[in-house]
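Below: structure_5.pdb (PDB, C-alpha atoms, pLDDT in the B column)
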```pdb
ATOM      1  CA  MET A   1       0.000   0.000   0.000  1.00 74.00           C
ATOM      2  CA  ALA A   2       2.858   2.385   0.713  1.00 76.00           C
ATOM      3  CA  TYR A   3       4.257   1.851  -2.774  1.00 81.00           C
ATOM      4  CA  ASP A   4       0.777   2.262  -4.260  1.00 81.00           C
ATOM      5  CA  ARG A   5       0.399   5.572  -2.396  1.00 78.00           C
ATOM      6  CA  PHE A   6       3.901   6.606  -3.475  1.00 83.00           C
ATOM      7  CA  LEU A   7       3.075   6.003  -7.139  1.00 85.00           C
ATOM      8  CA  ALA A   8      -0.355   7.637  -6.934  1.00 81.00           C
ATOM      9  CA  ILE A   9       0.997  10.796  -5.293  1.00 80.00           C
ATOM     10  CA  CYS A  10       4.594  11.132  -6.518  1.00 82.00           C
ATOM     11  CA  ARG A  11       4.304   9.572  -9.999  1.00 86.00           C
ATOM     12  CA  PRO A  12       0.612   9.912 -10.936  1.00 83.00           C
ATOM     13  CA  LEU A  13       1.226   9.849 -14.708  1.00 87.00           C
ATOM     14  CA  HIS A  14       3.164   6.569 -14.489  1.00 86.00           C
ATOM     15  CA  TYR A  15       0.728   4.889 -12.073  1.00 85.00           C
ATOM     16  CA  SER A  16      -1.348   2.905 -14.578  1.00 85.00           C
ATOM     17  CA  SER A  17       1.677   1.733 -16.557  1.00 87.00           C
ATOM     18  CA  ILE A  18       3.544   0.509 -13.443  1.00 87.00           C
ATOM     19  CA  MET A  19       0.641  -0.883 -11.379  1.00 87.00           C
ATOM     20  CA  ASN A  20      -0.491  -3.473 -13.895  1.00 88.00           C
ATOM     21  CA  MET A  21      -1.740  -7.006 -13.164  1.00 89.00           C
ATOM     22  CA  ARG A  22       1.730  -8.540 -13.478  1.00 91.00           C
ATOM     23  CA  PHE A  23       3.146  -6.111 -10.915  1.00 89.00           C
ATOM     24  CA  HIS A  24       0.199  -6.767  -8.557  1.00 87.00           C
ATOM     25  CA  ILE A  25       0.961 -10.488  -8.701  1.00 91.00           C
ATOM     26  CA  ILE A  26       4.648  -9.843  -7.969  1.00 91.00           C
ATOM     27  CA  LEU A  27       3.746  -7.581  -5.017  1.00 87.00           C
ATOM     28  CA  ALA A  28       1.506 -10.343  -3.631  1.00 88.00           C
ATOM     29  CA  LEU A  29       3.948 -13.212  -4.234  1.00 93.00           C
ATOM     30  CA  ILE A  30       6.994 -11.628  -2.580  1.00 91.00           C
ATOM     31  CA  PRO A  31       5.487 -11.390   0.951  1.00 88.00           C
ATOM     32  CA  TRP A  32       3.902 -14.835   0.588  1.00 92.00           C
ATOM     33  CA  MET A  33       7.239 -16.386  -0.392  1.00 94.00           C
ATOM     34  CA  VAL A  34       9.169 -14.547   2.339  1.00 91.00           C
ATOM     35  CA  GLY A  35       6.525 -15.566   4.896  1.00 89.00           C
ATOM     36  CA  PHE A  36       6.631 -19.195   3.737  1.00 94.00           C
ATOM     37  CA  VAL A  37      10.437 -19.370   3.913  1.00 93.00           C
ATOM     38  CA  ASN A  38      10.505 -17.666   7.332  1.00 90.00           C
ATOM     39  CA  SER A  39       7.767 -19.928   8.722  1.00 89.00           C
ATOM     40  CA  SER A  40       9.502 -23.031   7.372  1.00 92.00           C
ATOM     41  CA  ILE A  41      12.765 -22.084   9.056  1.00 91.00           C
ATOM     42  CA  GLN A  42      11.106 -21.104  12.372  1.00 88.00           C
ATOM     43  CA  VAL A  43       8.949 -24.257  12.522  1.00 88.00           C
ATOM     44  CA  SER A  44      11.777 -26.632  11.576  1.00 90.00           C
ATOM     45  CA  ILE A  45      14.139 -25.356  14.276  1.00 89.00           C
ATOM     46  CA  THR A  46      11.339 -25.135  16.866  1.00 86.00           C
ATOM     47  CA  TRP A  47      10.408 -28.808  16.253  1.00 86.00           C
ATOM     48  CA  ARG A  48      13.909 -29.788  17.340  1.00 87.00           C
ATOM     49  CA  LEU A  49      13.462 -28.306  20.817  1.00 85.00           C
ATOM     50  CA  PRO A  50      12.645 -30.688  23.662  1.00 85.00           C
ATOM     51  CA  PHE A  51       9.587 -29.641  25.672  1.00 80.00           C
ATOM     52  CA  CYS A  52       9.735 -31.278  29.088  1.00 78.00           C
ATOM     53  CA  LYS A  53       8.259 -28.533  31.311  1.00 67.00           C
ATOM     54  CA  THR A  54       4.714 -28.684  29.982  1.00 70.00           C
ATOM     55  CA  HIS A  55       2.767 -29.248  26.804  1.00 71.00           C
ATOM     56  CA  HIS A  56       0.332 -26.433  27.507  1.00 75.00           C
ATOM     57  CA  ILE A  57       1.029 -23.065  25.953  1.00 76.00           C
ATOM     58  CA  ASN A  58      -0.498 -20.231  27.902  1.00 72.00           C
ATOM     59  CA  HIS A  59      -0.922 -17.932  24.919  1.00 71.00           C
ATOM     60  CA  LEU A  60      -3.724 -16.886  22.592  1.00 72.00           C
ATOM     61  CA  PHE A  61      -1.892 -17.798  19.383  1.00 72.00           C
ATOM     62  CA  CYS A  62       0.635 -20.376  18.296  1.00 74.00           C
ATOM     63  CA  GLU A  63       3.715 -18.164  18.021  1.00 76.00           C
ATOM     64  CA  VAL A  64       7.423 -18.791  18.497  1.00 78.00           C
ATOM     65  CA  PRO A  65       8.118 -16.870  21.769  1.00 78.00           C
ATOM     66  CA  PRO A  66       5.699 -18.969  23.907  1.00 77.00           C
ATOM     67  CA  PHE A  67       7.311 -22.179  22.605  1.00 79.00           C
ATOM     68  CA  LEU A  68      10.753 -20.905  23.545  1.00 79.00           C
ATOM     69  CA  ARG A  69       9.555 -20.313  27.127  1.00 78.00           C
ATOM     70  CA  ILE A  70       8.494 -23.955  27.648  1.00 80.00           C
ATOM     71  CA  SER A  71      11.633 -25.524  26.185  1.00 82.00           C
ATOM     72  CA  CYS A  72      13.936 -27.535  28.493  1.00 84.00           C
ATOM     73  CA  THR A  73      17.080 -26.482  26.667  1.00 84.00           C
ATOM     74  CA  ASP A  74      18.519 -23.097  25.897  1.00 85.00           C
ATOM     75  CA  PRO A  75      16.783 -21.976  22.677  1.00 85.00           C
ATOM     76  CA  TRP A  76      19.611 -19.639  21.620  1.00 86.00           C
ATOM     77  CA  LEU A  77      19.476 -20.738  17.957  1.00 88.00           C
ATOM     78  CA  ASN A  78      15.742 -20.106  17.838  1.00 86.00           C
ATOM     79  CA  GLU A  79      16.141 -16.697  19.462  1.00 86.00           C
ATOM     80  CA  ILE A  80      18.849 -15.697  16.986  1.00 88.00           C
ATOM     81  CA  ALA A  81      16.739 -16.913  14.056  1.00 88.00           C
ATOM     82  CA  MET A  82      13.714 -15.039  15.423  1.00 85.00           C
ATOM     83  CA  TYR A  83      15.679 -11.783  15.910  1.00 84.00           C
ATOM     84  CA  VAL A  84      17.285 -12.036  12.483  1.00 88.00           C
ATOM     85  CA  ALA A  85      13.947 -12.768  10.778  1.00 87.00           C
ATOM     86  CA  ALA A  86      12.157 -10.020  12.684  1.00 82.00           C
ATOM     87  CA  GLY A  87      14.988  -7.594  12.006  1.00 82.00           C
ATOM     88  CA  ILE A  88      15.082  -8.345   8.313  1.00 86.00           C
ATOM     89  CA  ILE A  89      11.369  -8.725   7.619  1.00 85.00           C
ATOM     90  CA  VAL A  90       9.715  -6.322  10.051  1.00 81.00           C
ATOM     91  CA  LEU A  91      12.290  -3.545  10.149  1.00 80.00           C
ATOM     92  CA  PHE A  92      12.962  -3.714   6.402  1.00 85.00           C
ATOM     93  CA  SER A  93       9.236  -3.526   5.603  1.00 84.00           C
ATOM     94  CA  PHE A  94       8.699  -0.721   8.084  1.00 82.00           C
ATOM     95  CA  LEU A  95      11.695   1.236   6.769  1.00 86.00           C
ATOM     96  CA  LEU A  96      10.502   0.853   3.168  1.00 86.00           C
ATOM     97  CA  THR A  97       7.105   2.192   4.223  1.00 85.00           C
ATOM     98  CA  LEU A  98       8.689   5.136   6.050  1.00 86.00           C
ATOM     99  CA  ILE A  99      10.961   5.935   3.086  1.00 89.00           C
ATOM    100  CA  SER A 100       7.985   5.975   0.732  1.00 87.00           C
ATOM    101  CA  TYR A 101       6.208   8.333   3.140  1.00 84.00           C
ATOM    102  CA  VAL A 102       9.205  10.681   3.232  1.00 87.00           C
ATOM    103  CA  TYR A 103       8.844  11.018  -0.546  1.00 87.00           C
ATOM    104  CA  ILE A 104       5.063  11.345  -0.257  1.00 84.00           C
ATOM    105  CA  ILE A 105       5.262  14.065   2.408  1.00 84.00           C
ATOM    106  CA  SER A 106       7.878  15.976   0.403  1.00 85.00           C
ATOM    107  CA  THR A 107       5.492  15.841  -2.583  1.00 83.00           C
ATOM    108  CA  ILE A 108       2.513  16.904  -0.438  1.00 80.00           C
ATOM    109  CA  VAL A 109       4.457  19.950   0.781  1.00 81.00           C
ATOM    110  CA  LYS A 110       4.910  21.057  -2.846  1.00 82.00           C
ATOM    111  CA  ILE A 111       1.146  20.965  -3.556  1.00 75.00           C
ATOM    112  CA  ARG A 112      -0.123  24.551  -3.786  1.00 77.00           C
ATOM    113  CA  SER A 113      -3.812  23.968  -3.048  1.00 75.00           C
ATOM    114  CA  SER A 114      -4.662  23.564   0.639  1.00 75.00           C
ATOM    115  CA  HIS A 115      -7.649  21.346  -0.274  1.00 73.00           C
ATOM    116  CA  GLY A 116      -5.338  19.084  -2.313  1.00 68.00           C
ATOM    117  CA  LYS A 117      -2.857  18.875   0.559  1.00 73.00           C
ATOM    118  CA  GLN A 118      -5.622  17.998   3.008  1.00 74.00           C
ATOM    119  CA  ALA A 119      -7.099  15.277   0.764  1.00 70.00           C
ATOM    120  CA  VAL A 120      -3.734  13.610   0.122  1.00 70.00           C
ATOM    121  CA  PHE A 121      -2.604  13.956   3.727  1.00 73.00           C
ATOM    122  CA  SER A 122      -5.818  12.404   5.114  1.00 71.00           C
ATOM    123  CA  THR A 123      -5.339   9.402   2.824  1.00 69.00           C
ATOM    124  CA  CYS A 124      -1.774   8.918   4.017  1.00 74.00           C
ATOM    125  CA  THR A 125      -2.495   9.554   7.694  1.00 76.00           C
ATOM    126  CA  SER A 126      -4.990   6.697   7.951  1.00 74.00           C
ATOM    127  CA  HIS A 127      -2.588   4.255   6.319  1.00 76.00           C
ATOM    128  CA  LEU A 128       0.342   5.425   8.434  1.00 78.00           C
ATOM    129  CA  THR A 129      -1.735   5.006  11.614  1.00 79.00           C
ATOM    130  CA  VAL A 130      -2.527   1.373  10.826  1.00 79.00           C
ATOM    131  CA  VAL A 131       1.065   0.652   9.741  1.00 80.00           C
ATOM    132  CA  THR A 132       2.511   2.161  12.925  1.00 81.00           C
ATOM    133  CA  LEU A 133       0.123   0.214  15.147  1.00 81.00           C
ATOM    134  CA  TYR A 134       0.851  -3.033  13.292  1.00 80.00           C
ATOM    135  CA  TYR A 135       4.641  -2.760  13.105  1.00 81.00           C
ATOM    136  CA  GLY A 136       4.943  -1.247  16.575  1.00 81.00           C
ATOM    137  CA  THR A 137       3.238  -4.226  18.197  1.00 81.00           C
ATOM    138  CA  LEU A 138       5.166  -6.724  16.057  1.00 78.00           C
ATOM    139  CA  MET A 139       8.518  -5.171  16.938  1.00 78.00           C
ATOM    140  CA  SER A 140       7.699  -5.063  20.632  1.00 78.00           C
ATOM    141  CA  ILE A 141       6.876  -8.794  20.631  1.00 76.00           C
ATOM    142  CA  TYR A 142       9.632 -10.152  18.418  1.00 75.00           C
ATOM    143  CA  LEU A 143      12.514  -7.768  19.105  1.00 74.00           C
ATOM    144  CA  GLN A 144      12.457  -7.599  22.907  1.00 74.00           C
ATOM    145  CA  PRO A 145      14.737  -9.802  25.020  1.00 72.00           C
ATOM    146  CA  PRO A 146      13.157 -13.009  26.376  1.00 66.00           C
ATOM    147  CA  SER A 147      13.653 -11.889  29.977  1.00 66.00           C
ATOM    148  CA  SER A 148      11.329  -8.912  29.463  1.00 68.00           C
ATOM    149  CA  HIS A 149       8.460 -10.968  28.004  1.00 66.00           C
ATOM    150  CA  SER A 150       5.332 -10.934  30.109  1.00 73.00           C
ATOM    151  CA  LEU A 151       2.382 -13.219  29.391  1.00 71.00           C
ATOM    152  CA  GLU A 152      -0.267 -10.507  29.710  1.00 76.00           C
ATOM    153  CA  THR A 153       1.642  -8.016  27.560  1.00 78.00           C
ATOM    154  CA  ASP A 154       2.385 -10.597  24.869  1.00 76.00           C
ATOM    155  CA  ASN A 155      -1.271 -11.668  24.728  1.00 78.00           C
ATOM    156  CA  THR A 156      -2.465  -8.069  24.497  1.00 80.00           C
ATOM    157  CA  LEU A 157       0.049  -7.171  21.788  1.00 79.00           C
ATOM    158  CA  SER A 158      -0.813 -10.332  19.839  1.00 80.00           C
ATOM    159  CA  VAL A 159      -4.485  -9.378  19.857  1.00 81.00           C
ATOM    160  CA  LEU A 160      -3.557  -5.869  18.705  1.00 80.00           C
ATOM    161  CA  TYR A 161      -1.675  -6.953  15.585  1.00 78.00           C
ATOM    162  CA  THR A 162      -3.784 -10.000  14.664  1.00 80.00           C
ATOM    163  CA  VAL A 163      -7.307  -8.793  15.472  1.00 81.00           C
ATOM    164  CA  VAL A 164      -7.474  -5.049  16.135  1.00 80.00           C
ATOM    165  CA  THR A 165      -5.322  -3.853  13.219  1.00 78.00           C
ATOM    166  CA  PRO A 166      -7.217  -5.812  10.525  1.00 79.00           C
ATOM    167  CA  MET A 167     -10.498  -4.751  12.157  1.00 80.00           C
ATOM    168  CA  LEU A 168      -9.436  -1.085  12.100  1.00 76.00           C
ATOM    169  CA  ASN A 169      -8.470  -1.159   8.421  1.00 71.00           C
ATOM    170  CA  PRO A 170     -11.997  -0.953   6.956  1.00 72.00           C
ATOM    171  CA  ILE A 171     -13.110   1.504   9.638  1.00 71.00           C
ATOM    172  CA  ILE A 172     -10.192   3.891   9.119  1.00 67.00           C
ATOM    173  CA  TYR A 173     -10.349   3.747   5.330  1.00 64.00           C
ATOM    174  CA  SER A 174     -14.141   4.060   5.151  1.00 67.00           C
ATOM    175  CA  ILE A 175     -14.174   7.157   7.383  1.00 63.00           C
ATOM    176  CA  ARG A 176     -12.560   8.982   4.452  1.00 60.00           C
ATOM    177  CA  ASN A 177     -15.609   8.123   2.321  1.00 63.00           C
ATOM    178  CA  LYS A 178     -18.008  11.077   2.098  1.00 69.00           C
ATOM    179  CA  GLU A 179     -21.163   8.952   2.515  1.00 71.00           C
ATOM    180  CA  VAL A 180     -19.784   7.337   5.660  1.00 69.00           C
ATOM    181  CA  LYS A 181     -18.743  10.738   7.050  1.00 70.00           C
ATOM    182  CA  ASN A 182     -22.228  12.128   6.370  1.00 76.00           C
ATOM    183  CA  CYS A 183     -23.834   9.079   8.004  1.00 76.00           C
ATOM    184  CA  ILE A 184     -21.666   9.503  11.125  1.00 74.00           C
ATOM    185  CA  ILE A 185     -22.514  13.209  11.285  1.00 78.00           C
ATOM    186  CA  ASN A 186     -26.252  12.438  10.905  1.00 80.00           C
ATOM    187  CA  ILE A 187     -26.124   9.830  13.682  1.00 80.00           C
ATOM    188  CA  LYS A 188     -24.254  12.271  15.923  1.00 80.00           C
ATOM    189  CA  ASN A 189     -26.773  15.044  15.179  1.00 80.00           C
ATOM    190  CA  ARG A 190     -29.718  12.716  15.929  1.00 81.00           C
ATOM    191  CA  ALA A 191     -28.105  11.662  19.202  1.00 76.00           C
ATOM    192  CA  ASN A 192     -27.573  15.304  20.174  1.00 76.00           C
ATOM    193  CA  LEU A 193     -31.158  16.166  19.166  1.00 72.00           C
ATOM    194  CA  SER A 194     -32.643  13.345  21.220  1.00 71.00           C
ATOM    195  CA  LYS A 195     -30.383  14.279  24.133  1.00 68.00           C
ATOM    196  CA  ASN A 196     -31.610  17.885  23.958  1.00 68.00           C
ATOM    197  CA  ILE A 197     -35.254  16.752  23.779  1.00 70.00           C
ATOM    198  CA  LEU A 198     -34.851  14.568  26.858  1.00 62.00           C
ATOM    199  CA  MET A 199     -33.362  17.447  28.839  1.00 61.00           C
TER     200      MET A 199
END
```
This entry written out as structure tokens:
Amino acid sequence: MAYDRFLAICRPLHYSSIMNMRFHIILALIPWMVGFVNSSIQVSITWRLPFCKTHHINHLFCEVPPFLRISCTDPWLNEIAMYVAAGIIVLFSFLLTLISYVYIISTIVKIRSSHGKQAVFSTCTSHLTVVTLYYGTLMSIYLQPPSSHSLETDNTLSVLYTVVTPMLNPIIYSIRNKEVKNCIINIKNRANLSKNILM
């Protein structure tokens, strides 16, 4: 999405020639392949760990950090693999998104019309909010030392990036839609009217 926004705002005349079906497929395949390779590596080295403490994982999702906590041996190889994967995948993706937004913001600043600036900036702000929430929670789970992991915090952060962020996406992006904005304003006005009538 960051690259799509970059093209739409910084290179609008080239957008349709670059964002063709072939390029969409490539943009979809790359994260799928990286995710598959990362998951294969993480699962294969986690299967080798002996689990003698318990077979119950006190976590909401089946993720690597809870497995490392119940291992009988020192999971140093798993921790290194997890930090390397998180560093490469999460930080690289986040940095690419931020770099595209540096270009986008520098282009927005050059727009002369204040209405044009506001429209473009509102589009980017909603996306940047979701991206920051998503990557912030991921980095705090996968890039913190094992000693600072807490069960409650990990569960809360896992819910944030697996449930809340995808749930917020349609809400945040639809609020920009004029019909949705008008509907929200009408509901708010009706609530205020009924509140005033009751008083």
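Our summary of the geometry notes that atom CA of A:Tyr103 is positioned 20.8 Å from atom CA of A:Phe23.
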Original post:
Pick the closest to A:Thr156 from A:Leu7, A:Leu138, A:Ile197, A:Val131: which is it, counting all atoms listed in the file?
Top reply: A:Leu138
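Atom CA of A:Ala86 is found 7.4 Å from atom CA of A:Met139.
Selection check: the PyMOL selection byres ((chain A and resi 56) around 12) on the shown file gives Phe51, Cys52, Lys53, Thr54, His55, Ile57, Asn58, His59, Leu60, Cys62, Pro66, Phe67, Arg69, Ile70 and Ser71 of chain A.
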**OP:** Find the spatial neighbours of A:Thr46, counting all atoms listed in the file, within a cut-off of 10 Å - ignore same-chain residues fewer than 4 positions away - and output them as a PyMOL selection string.
**Re:** chain A and resi 40-42+50+64+67-68+71+75+77-78
Writing out the chosen residues with C-alpha atoms as a PDB file, in the coordinates of the input:
```
ATOM      1  CA  SER A  40       9.502 -23.031   7.372  1.00 92.00           C
ATOM      2  CA  ILE A  41      12.765 -22.084   9.056  1.00 91.00           C
ATOM      3  CA  GLN A  42      11.106 -21.104  12.372  1.00 88.00           C
ATOM      4  CA  PRO A  50      12.645 -30.688  23.662  1.00 85.00           C
ATOM      5  CA  VAL A  64       7.423 -18.791  18.497  1.00 78.00           C
ATOM      6  CA  PHE A  67       7.311 -22.179  22.605  1.00 79.00           C
ATOM      7  CA  LEU A  68      10.753 -20.905  23.545  1.00 79.00           C
ATOM      8  CA  SER A  71      11.633 -25.524  26.185  1.00 82.00           C
ATOM      9  CA  PRO A  75      16.783 -21.976  22.677  1.00 85.00           C
ATOM     10  CA  LEU A  77      19.476 -20.738  17.957  1.00 88.00           C
ATOM     11  CA  ASN A  78      15.742 -20.106  17.838  1.00 86.00           C
TER      12      ASN A  78
END
```
**OP:** Might you spell out which residues the PyMOL selection byres ((chain A and resi 165) around 10) would select in the displayed file, as a PyMOL selection string?
**Re:** chain A and resi 129-134+137+159-164+166-170
Given the PyMOL selection byres ((chain A and resi 9) around 8), the residues it picks as a PDB file with C-alpha atoms, in the coordinates of the input:
```
ATOM      1  CA  ARG A   5       0.399   5.572  -2.396  1.00 78.00           C
ATOM      2  CA  PHE A   6       3.901   6.606  -3.475  1.00 83.00           C
ATOM      3  CA  LEU A   7       3.075   6.003  -7.139  1.00 85.00           C
ATOM      4  CA  ALA A   8      -0.355   7.637  -6.934  1.00 81.00           C
ATOM      5  CA  CYS A  10       4.594  11.132  -6.518  1.00 82.00           C
ATOM      6  CA  ARG A  11       4.304   9.572  -9.999  1.00 86.00           C
ATOM      7  CA  PRO A  12       0.612   9.912 -10.936  1.00 83.00           C
ATOM      8  CA  ILE A 104       5.063  11.345  -0.257  1.00 84.00           C
ATOM      9  CA  THR A 107       5.492  15.841  -2.583  1.00 83.00           C
ATOM     10  CA  ILE A 108       2.513  16.904  -0.438  1.00 80.00           C
ATOM     11  CA  VAL A 120      -3.734  13.610   0.122  1.00 70.00           C
TER      12      VAL A 120
END
```
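From atom CA of A:Ile105 back to atom CA of A:Ile18, the distance works out to 20.9 Å.
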**OP:** Go through A:Ile89, A:Met21, A:Leu13, A:Cys72 one by one, measure the shortest atom-to-atom distance of each to A:Val37 using all atoms listed in the file, and give the residue with the smallest value.
**Re:** A:Ile89
Original post:
Hey, which of A:Lys117, A:Gly87, A:Ser17, A:Asp4 ends up closest to A:Ser100? Count all atoms listed in the file.
Top reply: A:Asp4
May I have a table of the residues of stretch 129-174 of chain A lying at most 12 Å from stretch 80-83 of chain A, giving each one's closest pair of atoms and their distance in Å to one decimal, counting all atoms listed in the file, ordered by chain and ascending residue number, as a Markdown table?
```
| residue | atom | partner | partner_atom | distance |
| --- | --- | --- | --- | --- |
| A:Leu138 | CA | A:Tyr83 | CA | 11.7 |
| A:Met139 | CA | A:Tyr83 | CA | 9.8 |
| A:Ser140 | CA | A:Tyr83 | CA | 11.5 |
| A:Ile141 | CA | A:Tyr83 | CA | 10.4 |
| A:Tyr142 | CA | A:Tyr83 | CA | 6.7 |
| A:Leu143 | CA | A:Tyr83 | CA | 6.0 |
| A:Gln144 | CA | A:Tyr83 | CA | 8.8 |
| A:Pro145 | CA | A:Tyr83 | CA | 9.4 |
| A:Pro146 | CA | A:Tyr83 | CA | 10.8 |
```
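For the choices A:Tyr135, A:Asp154, A:Lys188, A:Pro31, the atom-to-atom distance to A:Phe61 is smallest for A:Asp154 when using only C-alpha atoms.
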